[in-house]
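query-v4.txt follows (compact mmCIF, N, CA and C atoms):
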# COMPACT_ATOMS: atom_id res chain seq x y z
N MET A 1 -7.23 -9.58 17.78
CA MET A 1 -5.84 -9.42 17.41
C MET A 1 -5.47 -7.94 17.46
N ARG A 2 -4.32 -7.67 18.00
CA ARG A 2 -3.84 -6.31 18.11
C ARG A 2 -3.25 -5.84 16.79
N THR A 3 -3.54 -4.62 16.43
CA THR A 3 -3.01 -4.05 15.21
C THR A 3 -1.69 -3.36 15.52
N SER A 4 -0.66 -3.67 14.71
CA SER A 4 0.65 -3.09 14.94
C SER A 4 0.65 -1.60 14.58
N PRO A 5 1.54 -0.83 15.18
CA PRO A 5 1.63 0.60 14.84
C PRO A 5 1.92 0.84 13.36
N ARG A 6 2.69 -0.03 12.74
CA ARG A 6 2.99 0.15 11.32
C ARG A 6 1.74 -0.13 10.46
N ARG A 7 0.97 -1.14 10.83
CA ARG A 7 -0.27 -1.40 10.08
C ARG A 7 -1.22 -0.22 10.24
N ARG A 8 -1.31 0.33 11.45
CA ARG A 8 -2.15 1.51 11.65
C ARG A 8 -1.69 2.66 10.76
N ALA A 9 -0.39 2.83 10.63
CA ALA A 9 0.14 3.88 9.76
C ALA A 9 -0.33 3.64 8.32
N ARG A 10 -0.25 2.39 7.86
CA ARG A 10 -0.73 2.07 6.51
C ARG A 10 -2.23 2.36 6.37
N GLU A 11 -3.00 2.04 7.40
CA GLU A 11 -4.44 2.31 7.36
C GLU A 11 -4.72 3.80 7.23
N PHE A 12 -3.97 4.61 7.96
CA PHE A 12 -4.19 6.05 7.88
C PHE A 12 -3.72 6.61 6.53
N VAL A 13 -2.66 6.07 5.98
CA VAL A 13 -2.25 6.48 4.63
C VAL A 13 -3.33 6.10 3.63
N LEU A 14 -3.89 4.90 3.77
CA LEU A 14 -4.98 4.47 2.90
C LEU A 14 -6.15 5.44 2.99
N GLN A 15 -6.53 5.81 4.20
CA GLN A 15 -7.64 6.75 4.38
C GLN A 15 -7.32 8.10 3.73
N GLY A 16 -6.09 8.55 3.90
CA GLY A 16 -5.69 9.82 3.30
C GLY A 16 -5.69 9.76 1.78
N LEU A 17 -5.18 8.66 1.21
CA LEU A 17 -5.19 8.52 -0.25
C LEU A 17 -6.61 8.44 -0.79
N TYR A 18 -7.46 7.74 -0.08
CA TYR A 18 -8.86 7.65 -0.48
C TYR A 18 -9.47 9.05 -0.53
N GLN A 19 -9.26 9.80 0.53
CA GLN A 19 -9.79 11.16 0.58
C GLN A 19 -9.21 12.01 -0.54
N ARG A 20 -7.92 11.88 -0.79
CA ARG A 20 -7.27 12.67 -1.84
C ARG A 20 -7.86 12.34 -3.21
N GLN A 21 -8.10 11.06 -3.47
CA GLN A 21 -8.65 10.66 -4.75
C GLN A 21 -10.07 11.21 -4.95
N LEU A 22 -10.84 11.24 -3.90
CA LEU A 22 -12.23 11.68 -4.02
C LEU A 22 -12.39 13.20 -3.94
N SER A 23 -11.59 13.84 -3.10
CA SER A 23 -11.78 15.27 -2.88
C SER A 23 -10.81 16.15 -3.66
N GLY A 24 -9.62 15.61 -3.92
CA GLY A 24 -8.59 16.42 -4.57
C GLY A 24 -7.98 17.46 -3.65
N ASN A 25 -8.23 17.34 -2.34
CA ASN A 25 -7.66 18.30 -1.38
C ASN A 25 -6.14 18.18 -1.35
N ALA A 26 -5.51 19.23 -0.86
CA ALA A 26 -4.05 19.28 -0.77
C ALA A 26 -3.53 18.21 0.20
N CYS A 27 -2.40 17.65 -0.14
CA CYS A 27 -1.81 16.59 0.68
C CYS A 27 -1.53 17.04 2.11
N ALA A 28 -1.04 18.26 2.27
CA ALA A 28 -0.73 18.77 3.61
C ALA A 28 -2.00 18.87 4.46
N ALA A 29 -3.07 19.34 3.86
CA ALA A 29 -4.33 19.47 4.59
C ALA A 29 -4.87 18.10 4.99
N ILE A 30 -4.77 17.15 4.09
CA ILE A 30 -5.24 15.79 4.39
C ILE A 30 -4.38 15.19 5.49
N ARG A 31 -3.08 15.39 5.41
CA ARG A 31 -2.16 14.85 6.44
C ARG A 31 -2.55 15.39 7.81
N THR A 32 -2.82 16.67 7.90
CA THR A 32 -3.21 17.30 9.16
C THR A 32 -4.51 16.70 9.67
N GLN A 33 -5.47 16.56 8.79
CA GLN A 33 -6.77 16.00 9.18
C GLN A 33 -6.62 14.56 9.66
N VAL A 34 -5.84 13.76 8.94
CA VAL A 34 -5.64 12.36 9.33
C VAL A 34 -4.96 12.27 10.69
N ALA A 35 -3.99 13.14 10.92
CA ALA A 35 -3.25 13.12 12.19
C ALA A 35 -4.12 13.48 13.38
N GLU A 36 -5.24 14.13 13.13
CA GLU A 36 -6.15 14.51 14.20
C GLU A 36 -7.21 13.44 14.46
N ALA A 37 -7.21 12.39 13.66
CA ALA A 37 -8.22 11.34 13.80
C ALA A 37 -7.99 10.50 15.05
N ALA A 38 -9.07 9.99 15.59
CA ALA A 38 -8.98 9.09 16.73
C ALA A 38 -8.14 7.88 16.34
N GLY A 39 -7.29 7.45 17.20
CA GLY A 39 -6.47 6.28 16.94
C GLY A 39 -5.13 6.59 16.32
N PHE A 40 -4.96 7.80 15.78
CA PHE A 40 -3.69 8.13 15.13
C PHE A 40 -2.50 8.03 16.08
N PRO A 41 -2.63 8.40 17.35
CA PRO A 41 -1.48 8.28 18.26
C PRO A 41 -0.95 6.84 18.39
N LYS A 42 -1.77 5.85 18.05
CA LYS A 42 -1.32 4.46 18.12
C LYS A 42 -0.59 4.02 16.85
N ALA A 43 -0.54 4.90 15.85
CA ALA A 43 0.15 4.58 14.61
C ALA A 43 1.63 4.94 14.73
N ASP A 44 2.45 4.31 13.91
CA ASP A 44 3.86 4.64 13.79
C ASP A 44 3.94 5.92 12.96
N GLU A 45 4.04 7.05 13.64
CA GLU A 45 3.96 8.34 12.95
C GLU A 45 5.13 8.56 12.00
N ALA A 46 6.31 8.12 12.37
CA ALA A 46 7.47 8.28 11.47
C ALA A 46 7.25 7.49 10.18
N TYR A 47 6.73 6.27 10.31
CA TYR A 47 6.47 5.47 9.12
C TYR A 47 5.32 6.09 8.31
N PHE A 48 4.30 6.55 8.99
CA PHE A 48 3.21 7.23 8.30
C PHE A 48 3.75 8.38 7.47
N ASP A 49 4.59 9.23 8.07
CA ASP A 49 5.11 10.39 7.36
C ASP A 49 5.94 9.99 6.15
N ALA A 50 6.79 8.98 6.29
CA ALA A 50 7.60 8.52 5.16
C ALA A 50 6.73 7.95 4.05
N LEU A 51 5.77 7.12 4.43
CA LEU A 51 4.87 6.50 3.46
C LEU A 51 3.99 7.56 2.79
N TRP A 52 3.42 8.46 3.57
CA TRP A 52 2.57 9.51 3.02
C TRP A 52 3.34 10.39 2.05
N ALA A 53 4.53 10.81 2.46
CA ALA A 53 5.34 11.66 1.57
C ALA A 53 5.68 10.91 0.28
N GLY A 54 6.03 9.65 0.40
CA GLY A 54 6.40 8.87 -0.77
C GLY A 54 5.25 8.63 -1.72
N VAL A 55 4.12 8.18 -1.20
CA VAL A 55 3.00 7.84 -2.09
C VAL A 55 2.36 9.07 -2.70
N THR A 56 2.37 10.19 -2.00
CA THR A 56 1.78 11.39 -2.58
C THR A 56 2.72 12.02 -3.61
N ALA A 57 4.01 11.97 -3.36
CA ALA A 57 4.96 12.55 -4.31
C ALA A 57 5.08 11.71 -5.58
N GLU A 58 4.94 10.40 -5.45
CA GLU A 58 5.16 9.49 -6.58
C GLU A 58 3.89 8.81 -7.07
N TYR A 59 2.75 9.32 -6.69
CA TYR A 59 1.48 8.63 -6.96
C TYR A 59 1.35 8.18 -8.41
N ASP A 60 1.48 9.11 -9.35
CA ASP A 60 1.29 8.76 -10.76
C ASP A 60 2.32 7.75 -11.24
N ALA A 61 3.56 7.92 -10.82
CA ALA A 61 4.62 6.98 -11.22
C ALA A 61 4.36 5.59 -10.65
N LEU A 62 3.85 5.53 -9.44
CA LEU A 62 3.55 4.24 -8.82
C LEU A 62 2.39 3.54 -9.55
N VAL A 63 1.39 4.31 -9.94
CA VAL A 63 0.29 3.73 -10.71
C VAL A 63 0.82 3.17 -12.03
N LEU A 64 1.69 3.91 -12.69
CA LEU A 64 2.29 3.43 -13.94
C LEU A 64 3.12 2.17 -13.71
N LEU A 65 3.72 2.07 -12.55
CA LEU A 65 4.56 0.92 -12.23
C LEU A 65 3.77 -0.38 -12.20
N PHE A 66 2.59 -0.37 -11.62
CA PHE A 66 1.81 -1.61 -11.56
C PHE A 66 0.77 -1.73 -12.67
N SER A 67 0.59 -0.69 -13.46
CA SER A 67 -0.42 -0.73 -14.53
C SER A 67 -0.25 -1.89 -15.52
N PRO A 68 0.98 -2.28 -15.90
CA PRO A 68 1.11 -3.41 -16.82
C PRO A 68 0.56 -4.73 -16.26
N ASP A 69 0.42 -4.82 -14.96
CA ASP A 69 -0.06 -6.04 -14.32
C ASP A 69 -1.57 -6.04 -14.07
N LEU A 70 -2.25 -5.01 -14.54
CA LEU A 70 -3.69 -4.90 -14.34
C LEU A 70 -4.44 -5.55 -15.50
N ASP A 71 -5.65 -6.00 -15.21
CA ASP A 71 -6.51 -6.56 -16.25
C ASP A 71 -7.49 -5.50 -16.76
N ARG A 72 -7.34 -4.28 -16.27
CA ARG A 72 -8.16 -3.14 -16.71
C ARG A 72 -7.36 -1.87 -16.47
N ARG A 73 -7.89 -0.77 -16.92
CA ARG A 73 -7.20 0.51 -16.71
C ARG A 73 -7.18 0.86 -15.23
N ALA A 74 -6.13 1.52 -14.80
CA ALA A 74 -6.02 1.90 -13.39
C ALA A 74 -7.17 2.80 -12.96
N THR A 75 -7.68 3.61 -13.87
CA THR A 75 -8.79 4.49 -13.54
C THR A 75 -10.09 3.72 -13.29
N ALA A 76 -10.14 2.46 -13.73
CA ALA A 76 -11.34 1.64 -13.51
C ALA A 76 -11.30 0.91 -12.16
N LEU A 77 -10.18 0.97 -11.47
CA LEU A 77 -10.07 0.34 -10.16
C LEU A 77 -10.87 1.15 -9.14
N SER A 78 -11.31 0.47 -8.10
CA SER A 78 -11.93 1.22 -7.01
C SER A 78 -10.86 2.09 -6.36
N PRO A 79 -11.25 3.22 -5.78
CA PRO A 79 -10.25 4.07 -5.12
C PRO A 79 -9.49 3.33 -4.02
N ILE A 80 -10.14 2.40 -3.34
CA ILE A 80 -9.49 1.63 -2.28
C ILE A 80 -8.42 0.71 -2.87
N GLU A 81 -8.78 -0.07 -3.88
CA GLU A 81 -7.80 -0.97 -4.50
C GLU A 81 -6.62 -0.20 -5.07
N ARG A 82 -6.90 0.91 -5.75
CA ARG A 82 -5.83 1.72 -6.33
C ARG A 82 -4.90 2.25 -5.23
N ALA A 83 -5.48 2.73 -4.15
CA ALA A 83 -4.67 3.26 -3.05
C ALA A 83 -3.82 2.16 -2.40
N ILE A 84 -4.41 0.99 -2.20
CA ILE A 84 -3.66 -0.13 -1.61
C ILE A 84 -2.51 -0.54 -2.52
N LEU A 85 -2.75 -0.60 -3.82
CA LEU A 85 -1.69 -0.95 -4.76
C LEU A 85 -0.59 0.10 -4.78
N VAL A 86 -0.94 1.37 -4.65
CA VAL A 86 0.06 2.43 -4.59
C VAL A 86 0.93 2.26 -3.34
N ILE A 87 0.31 1.98 -2.21
CA ILE A 87 1.06 1.77 -0.97
C ILE A 87 2.00 0.57 -1.13
N GLY A 88 1.48 -0.55 -1.63
CA GLY A 88 2.30 -1.74 -1.82
C GLY A 88 3.44 -1.50 -2.80
N ALA A 89 3.16 -0.79 -3.89
CA ALA A 89 4.19 -0.51 -4.89
C ALA A 89 5.30 0.35 -4.29
N TRP A 90 4.92 1.34 -3.49
CA TRP A 90 5.94 2.19 -2.86
C TRP A 90 6.80 1.38 -1.91
N GLU A 91 6.17 0.54 -1.11
CA GLU A 91 6.94 -0.26 -0.15
C GLU A 91 7.86 -1.25 -0.89
N LEU A 92 7.37 -1.88 -1.93
CA LEU A 92 8.22 -2.81 -2.69
C LEU A 92 9.41 -2.08 -3.31
N ARG A 93 9.18 -0.88 -3.77
CA ARG A 93 10.23 -0.13 -4.45
C ARG A 93 11.23 0.51 -3.48
N HIS A 94 10.74 1.02 -2.36
CA HIS A 94 11.58 1.85 -1.49
C HIS A 94 11.93 1.26 -0.13
N ARG A 95 11.36 0.16 0.22
CA ARG A 95 11.62 -0.44 1.54
C ARG A 95 12.12 -1.88 1.41
N PRO A 96 13.33 -2.05 0.88
CA PRO A 96 13.85 -3.42 0.70
C PRO A 96 14.05 -4.17 2.01
N GLU A 97 14.11 -3.45 3.12
CA GLU A 97 14.26 -4.12 4.42
C GLU A 97 12.97 -4.82 4.85
N ILE A 98 11.87 -4.46 4.23
CA ILE A 98 10.60 -5.15 4.51
C ILE A 98 10.47 -6.26 3.47
N PRO A 99 10.46 -7.51 3.90
CA PRO A 99 10.34 -8.61 2.93
C PRO A 99 9.11 -8.44 2.04
N CYS A 100 9.25 -8.82 0.79
CA CYS A 100 8.13 -8.63 -0.15
C CYS A 100 6.89 -9.37 0.31
N ARG A 101 7.03 -10.53 0.93
CA ARG A 101 5.86 -11.26 1.41
C ARG A 101 5.13 -10.47 2.49
N VAL A 102 5.86 -9.72 3.29
CA VAL A 102 5.24 -8.89 4.33
C VAL A 102 4.48 -7.73 3.67
N VAL A 103 5.11 -7.10 2.68
CA VAL A 103 4.46 -6.00 1.97
C VAL A 103 3.15 -6.50 1.35
N ILE A 104 3.22 -7.63 0.67
CA ILE A 104 2.04 -8.17 0.00
C ILE A 104 0.97 -8.57 1.02
N ASN A 105 1.38 -9.22 2.10
CA ASN A 105 0.41 -9.62 3.13
C ASN A 105 -0.27 -8.41 3.76
N GLU A 106 0.49 -7.37 4.03
CA GLU A 106 -0.12 -6.16 4.62
C GLU A 106 -1.14 -5.56 3.65
N ALA A 107 -0.82 -5.56 2.36
CA ALA A 107 -1.76 -5.05 1.37
C ALA A 107 -3.02 -5.91 1.31
N ILE A 108 -2.84 -7.21 1.39
CA ILE A 108 -3.98 -8.13 1.39
C ILE A 108 -4.87 -7.86 2.60
N GLU A 109 -4.27 -7.67 3.76
CA GLU A 109 -5.05 -7.40 4.97
C GLU A 109 -5.81 -6.07 4.85
N LEU A 110 -5.18 -5.05 4.26
CA LEU A 110 -5.90 -3.80 4.04
C LEU A 110 -7.09 -4.02 3.11
N ALA A 111 -6.87 -4.80 2.05
CA ALA A 111 -7.94 -5.06 1.10
C ALA A 111 -9.08 -5.85 1.75
N LYS A 112 -8.74 -6.79 2.61
CA LYS A 112 -9.79 -7.55 3.31
C LYS A 112 -10.60 -6.65 4.23
N SER A 113 -9.93 -5.71 4.88
CA SER A 113 -10.60 -4.82 5.82
C SER A 113 -11.39 -3.70 5.16
N TYR A 114 -10.85 -3.17 4.06
CA TYR A 114 -11.44 -1.96 3.48
C TYR A 114 -11.96 -2.13 2.05
N GLY A 115 -11.58 -3.18 1.38
CA GLY A 115 -11.93 -3.34 -0.02
C GLY A 115 -13.17 -4.16 -0.24
N GLY A 116 -13.41 -4.45 -1.51
CA GLY A 116 -14.55 -5.25 -1.91
C GLY A 116 -14.36 -6.71 -1.55
N THR A 117 -15.35 -7.51 -1.84
CA THR A 117 -15.39 -8.91 -1.45
C THR A 117 -14.14 -9.69 -1.85
N ASP A 118 -13.75 -9.64 -3.10
CA ASP A 118 -12.58 -10.39 -3.56
C ASP A 118 -11.41 -9.48 -3.92
N GLY A 119 -11.45 -8.25 -3.45
CA GLY A 119 -10.39 -7.29 -3.75
C GLY A 119 -9.03 -7.76 -3.29
N HIS A 120 -8.98 -8.51 -2.19
CA HIS A 120 -7.70 -8.98 -1.68
C HIS A 120 -7.02 -9.93 -2.65
N LYS A 121 -7.80 -10.72 -3.38
CA LYS A 121 -7.22 -11.64 -4.37
C LYS A 121 -6.60 -10.86 -5.52
N PHE A 122 -7.30 -9.84 -5.96
CA PHE A 122 -6.80 -8.99 -7.03
C PHE A 122 -5.50 -8.29 -6.60
N VAL A 123 -5.51 -7.69 -5.41
CA VAL A 123 -4.33 -7.00 -4.88
C VAL A 123 -3.15 -7.98 -4.78
N ASN A 124 -3.41 -9.17 -4.29
CA ASN A 124 -2.37 -10.19 -4.17
C ASN A 124 -1.74 -10.48 -5.54
N GLY A 125 -2.57 -10.71 -6.54
CA GLY A 125 -2.06 -11.04 -7.87
C GLY A 125 -1.23 -9.94 -8.48
N VAL A 126 -1.70 -8.71 -8.37
CA VAL A 126 -0.97 -7.58 -8.95
C VAL A 126 0.36 -7.36 -8.24
N LEU A 127 0.33 -7.35 -6.91
CA LEU A 127 1.58 -7.10 -6.17
C LEU A 127 2.56 -8.26 -6.29
N ASP A 128 2.06 -9.47 -6.44
CA ASP A 128 2.95 -10.61 -6.65
C ASP A 128 3.72 -10.44 -7.96
N LYS A 129 3.04 -10.02 -9.01
CA LYS A 129 3.70 -9.78 -10.29
C LYS A 129 4.68 -8.61 -10.19
N LEU A 130 4.27 -7.55 -9.50
CA LEU A 130 5.15 -6.40 -9.35
C LEU A 130 6.39 -6.76 -8.54
N ALA A 131 6.22 -7.56 -7.49
CA ALA A 131 7.36 -7.99 -6.68
C ALA A 131 8.35 -8.79 -7.53
N ALA A 132 7.84 -9.62 -8.43
CA ALA A 132 8.71 -10.40 -9.31
C ALA A 132 9.53 -9.48 -10.21
N THR A 133 8.98 -8.34 -10.56
CA THR A 133 9.69 -7.37 -11.40
C THR A 133 10.68 -6.55 -10.58
N LEU A 134 10.24 -6.05 -9.42
CA LEU A 134 11.07 -5.15 -8.61
C LEU A 134 12.09 -5.88 -7.74
N ARG A 135 11.77 -7.09 -7.33
CA ARG A 135 12.64 -7.86 -6.43
C ARG A 135 12.77 -9.30 -6.93
N PRO A 136 13.32 -9.47 -8.12
CA PRO A 136 13.36 -10.81 -8.71
C PRO A 136 14.14 -11.83 -7.88
N ALA A 137 15.26 -11.44 -7.31
CA ALA A 137 16.06 -12.40 -6.53
C ALA A 137 15.29 -12.86 -5.29
N GLU A 138 14.64 -11.94 -4.62
CA GLU A 138 13.88 -12.29 -3.42
C GLU A 138 12.71 -13.21 -3.77
N MET A 139 12.00 -12.88 -4.84
CA MET A 139 10.87 -13.72 -5.24
C MET A 139 11.34 -15.10 -5.72
N ASP A 140 12.46 -15.16 -6.44
CA ASP A 140 13.00 -16.45 -6.86
C ASP A 140 13.36 -17.30 -5.65
N ALA A 141 13.97 -16.68 -4.65
CA ALA A 141 14.33 -17.40 -3.43
C ALA A 141 13.08 -17.93 -2.73
N LEU A 142 12.03 -17.14 -2.70
CA LEU A 142 10.78 -17.58 -2.08
C LEU A 142 10.18 -18.76 -2.84
N ARG A 143 10.23 -18.69 -4.14
CA ARG A 143 9.68 -19.78 -4.95
C ARG A 143 10.48 -21.08 -4.80
N ARG A 144 11.77 -20.93 -4.59
CA ARG A 144 12.63 -22.10 -4.39
C ARG A 144 12.58 -22.60 -2.94
N GLY A 145 11.94 -21.82 -2.08
CA GLY A 145 11.84 -22.22 -0.67
C GLY A 145 13.05 -21.84 0.16
N THR A 146 13.91 -20.96 -0.38
CA THR A 146 15.10 -20.57 0.37
C THR A 146 15.01 -19.14 0.88
N GLY A 147 13.88 -18.48 0.60
CA GLY A 147 13.72 -17.09 1.01
C GLY A 147 13.30 -16.97 2.45
N THR A 148 13.52 -15.78 2.99
CA THR A 148 13.09 -15.51 4.36
C THR A 148 12.03 -14.43 4.30
N ALA A 149 10.80 -14.85 4.42
CA ALA A 149 9.72 -13.87 4.41
C ALA A 149 8.69 -14.21 5.44
Could you rewrite the structure in this file as structure tokens?
Amino acid sequence: MRTSPRRRAREFVLQGLYQRQLSGNACAAIRTQVAEAAGFPKADEAYFDALWAGVTAEYDALVLLFSPDLDRRATALSPIERAILVIGAWELRHRPEIPCRVVINEAIELAKSYGGTDGHKFVNGVLDKLAATLRPAEMDALRRGTGTA
């Protein structure tokens, strides 16, 4: 299966967030390093830049946004799960043109590819609850079977 340019952008943001969490390096330096990685030209660079700028600027606020839906402290999450949830939270909050089911599915796919064995189930549950909070009308429509996702 071919990976879409937008999914590649999410993958590179995930890699950058992972590196940031572990190294604490500056966001600009990480962005430069990620952009030099093999495969980056196949990513949607405009979307990468918007997502990277958003998740790095709002990282702590995004973690607080989904923290009520966690079964443990955010600091106890794996860096991959935390980064995926930050990406999903940003997209749910700032990209209403992307259906919430698409945002959640993309996060699940990232978790399946990069996370632990059942990490995708955890990510699904947390983002589903967050979507109900951030996009209640869209989620209600999906539950009633009238939504378009």
(message) Show me, as a PyMOL selection string, the residues that have an atom within 8 Å of stretch 57-62 of chain A when counting all atoms listed in the file, minus same-chain residues fewer than 6 positions from it.
(response) chain A and resi 51+85-87+89-90
(request) Extract the full set of alpha helix (DSSP H) residues from stretch 15-120 of chain A according to DSSP on the backbone, and format it as a ChimeraX atom specification. (result) /A:15-23,27-35,45-57,59-66,79-94,100-114,119-120
(message) Using only N, CA and C atoms, which protein or nucleic acid residues come within 6.5 Å of A:Arg6? Drop anything in the same chain fewer than 4 positions from it, and give the result as a VMD selection string.
(response) chain A and resid 10 to 11 43 to 44
(request) Find, counting all atoms listed in the file, the residue in A:Gly125, A:Glu109, A:Pro41, A:Arg135 that gets nearest to A:Arg93. (result)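 The closest residue to A:Arg93 is A:Arg135.
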Listing only residues of stretch 46-106 of chain A within 7 Å of stretch 12-24 of chain A, what is the closest atom pair and its distance in Å (to one decimal) for each, using all atoms listed in the file, sorted by chain and residue number ascending, as JSON lines?
{"residue": "A:Phe48", "atom": "CA", "partner": "A:Val13", "partner_atom": "N", "distance": 6.4}
{"residue": "A:Leu51", "atom": "C", "partner": "A:Val13", "partner_atom": "CA", "distance": 6.6}
{"residue": "A:Trp52", "atom": "CA", "partner": "A:Val13", "partner_atom": "CA", "distance": 5.9}
{"residue": "A:Pro79", "atom": "C", "partner": "A:Tyr18", "partner_atom": "CA", "distance": 5.6}
{"residue": "A:Ile80", "atom": "N", "partner": "A:Tyr18", "partner_atom": "CA", "distance": 6.1}
{"residue": "A:Ala83", "atom": "C", "partner": "A:Leu14", "partner_atom": "CA", "distance": 5.9}
{"residue": "A:Ile84", "atom": "N", "partner": "A:Leu14", "partner_atom": "CA", "distance": 6.2}
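Going from atom CA of A:Asp128 to atom CA of A:Arg2 covers 26.0 Å.
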(request) Name the closest residue to A:Leu92 among the candidates A:Ala131, A:Ala28, A:Arg143, A:Leu64; distances are taken between atoms, counting only N, CA and C atoms. (result)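 Nearest to A:Leu92: A:Ala131.
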(message) What does the structure give for the distance between atom N of A:Pro136 and atom C of A:Ser78, in Å to one decimal?
(response) 26.9 Å
(message) I'd like the interatomic distance between atom N of A:Thr133 and atom CA of A:Asp118, to a tenth of an Å.
(response)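 Interatomic distance here is 22.8 Å.
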Would you fill out stretch 68-85 of chain A with N, CA, C and O atoms and return it as an mmCIF file, in the frame of the given file?
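Saved result, result_26.cif, follows:
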data_model
loop_
_atom_site.group_PDB
_atom_site.id
_atom_site.type_symbol
_atom_site.label_atom_id
_atom_site.label_comp_id
_atom_site.auth_asym_id
_atom_site.auth_seq_id
_atom_site.Cartn_x
_atom_site.Cartn_y
_atom_site.Cartn_z
ATOM 1 N N PRO A 68 0.980 -2.280 -15.900
ATOM 2 C CA PRO A 68 1.110 -3.410 -16.820
ATOM 3 C C PRO A 68 0.560 -4.730 -16.260
ATOM 4 O O PRO A 68 0.261 -5.649 -17.021
ATOM 5 N N ASP A 69 0.420 -4.820 -14.960
ATOM 6 C CA ASP A 69 -0.060 -6.040 -14.320
ATOM 7 C C ASP A 69 -1.570 -6.040 -14.070
ATOM 8 O O ASP A 69 -2.097 -6.981 -13.479
ATOM 9 N N LEU A 70 -2.250 -5.010 -14.540
ATOM 10 C CA LEU A 70 -3.690 -4.900 -14.340
ATOM 11 C C LEU A 70 -4.440 -5.550 -15.500
ATOM 12 O O LEU A 70 -3.950 -5.592 -16.623
ATOM 13 N N ASP A 71 -5.650 -6.000 -15.210
ATOM 14 C CA ASP A 71 -6.510 -6.560 -16.250
ATOM 15 C C ASP A 71 -7.490 -5.500 -16.760
ATOM 16 O O ASP A 71 -8.382 -5.796 -17.555
ATOM 17 N N ARG A 72 -7.340 -4.280 -16.270
ATOM 18 C CA ARG A 72 -8.160 -3.140 -16.710
ATOM 19 C C ARG A 72 -7.360 -1.870 -16.470
ATOM 20 O O ARG A 72 -6.297 -1.899 -15.878
ATOM 21 N N ARG A 73 -7.890 -0.770 -16.920
ATOM 22 C CA ARG A 73 -7.200 0.510 -16.710
ATOM 23 C C ARG A 73 -7.180 0.860 -15.230
ATOM 24 O O ARG A 73 -8.135 0.544 -14.503
ATOM 25 N N ALA A 74 -6.130 1.520 -14.800
ATOM 26 C CA ALA A 74 -6.020 1.900 -13.390
ATOM 27 C C ALA A 74 -7.170 2.800 -12.960
ATOM 28 O O ALA A 74 -7.620 2.723 -11.818
ATOM 29 N N THR A 75 -7.680 3.610 -13.870
ATOM 30 C CA THR A 75 -8.790 4.490 -13.540
ATOM 31 C C THR A 75 -10.090 3.720 -13.290
ATOM 32 O O THR A 75 -11.005 4.258 -12.680
ATOM 33 N N ALA A 76 -10.140 2.460 -13.730
ATOM 34 C CA ALA A 76 -11.340 1.640 -13.510
ATOM 35 C C ALA A 76 -11.300 0.910 -12.160
ATOM 36 O O ALA A 76 -12.291 0.305 -11.765
ATOM 37 N N LEU A 77 -10.180 0.970 -11.470
ATOM 38 C CA LEU A 77 -10.070 0.340 -10.160
ATOM 39 C C LEU A 77 -10.870 1.150 -9.140
ATOM 40 O O LEU A 77 -11.028 2.356 -9.273
ATOM 41 N N SER A 78 -11.310 0.470 -8.100
ATOM 42 C CA SER A 78 -11.930 1.220 -7.010
ATOM 43 C C SER A 78 -10.860 2.090 -6.360
ATOM 44 O O SER A 78 -9.677 1.734 -6.376
ATOM 45 N N PRO A 79 -11.250 3.220 -5.780
ATOM 46 C CA PRO A 79 -10.250 4.070 -5.120
ATOM 47 C C PRO A 79 -9.490 3.330 -4.020
ATOM 48 O O PRO A 79 -8.303 3.572 -3.807
ATOM 49 N N ILE A 80 -10.140 2.400 -3.340
ATOM 50 C CA ILE A 80 -9.490 1.630 -2.280
ATOM 51 C C ILE A 80 -8.420 0.710 -2.870
ATOM 52 O O ILE A 80 -7.282 0.687 -2.396
ATOM 53 N N GLU A 81 -8.780 -0.070 -3.880
ATOM 54 C CA GLU A 81 -7.800 -0.970 -4.500
ATOM 55 C C GLU A 81 -6.620 -0.200 -5.070
ATOM 56 O O GLU A 81 -5.470 -0.592 -4.902
ATOM 57 N N ARG A 82 -6.900 0.910 -5.750
ATOM 58 C CA ARG A 82 -5.830 1.720 -6.330
ATOM 59 C C ARG A 82 -4.900 2.250 -5.230
ATOM 60 O O ARG A 82 -3.683 2.175 -5.339
ATOM 61 N N ALA A 83 -5.480 2.730 -4.150
ATOM 62 C CA ALA A 83 -4.670 3.260 -3.050
ATOM 63 C C ALA A 83 -3.820 2.160 -2.400
ATOM 64 O O ALA A 83 -2.646 2.365 -2.089
ATOM 65 N N ILE A 84 -4.410 0.990 -2.200
ATOM 66 C CA ILE A 84 -3.660 -0.130 -1.610
ATOM 67 C C ILE A 84 -2.510 -0.540 -2.520
ATOM 68 O O ILE A 84 -1.386 -0.789 -2.061
ATOM 69 N N LEU A 85 -2.750 -0.600 -3.820
ATOM 70 C CA LEU A 85 -1.690 -0.950 -4.760
ATOM 71 C C LEU A 85 -0.590 0.100 -4.780
ATOM 72 O O LEU A 85 0.604 -0.244 -4.888
#
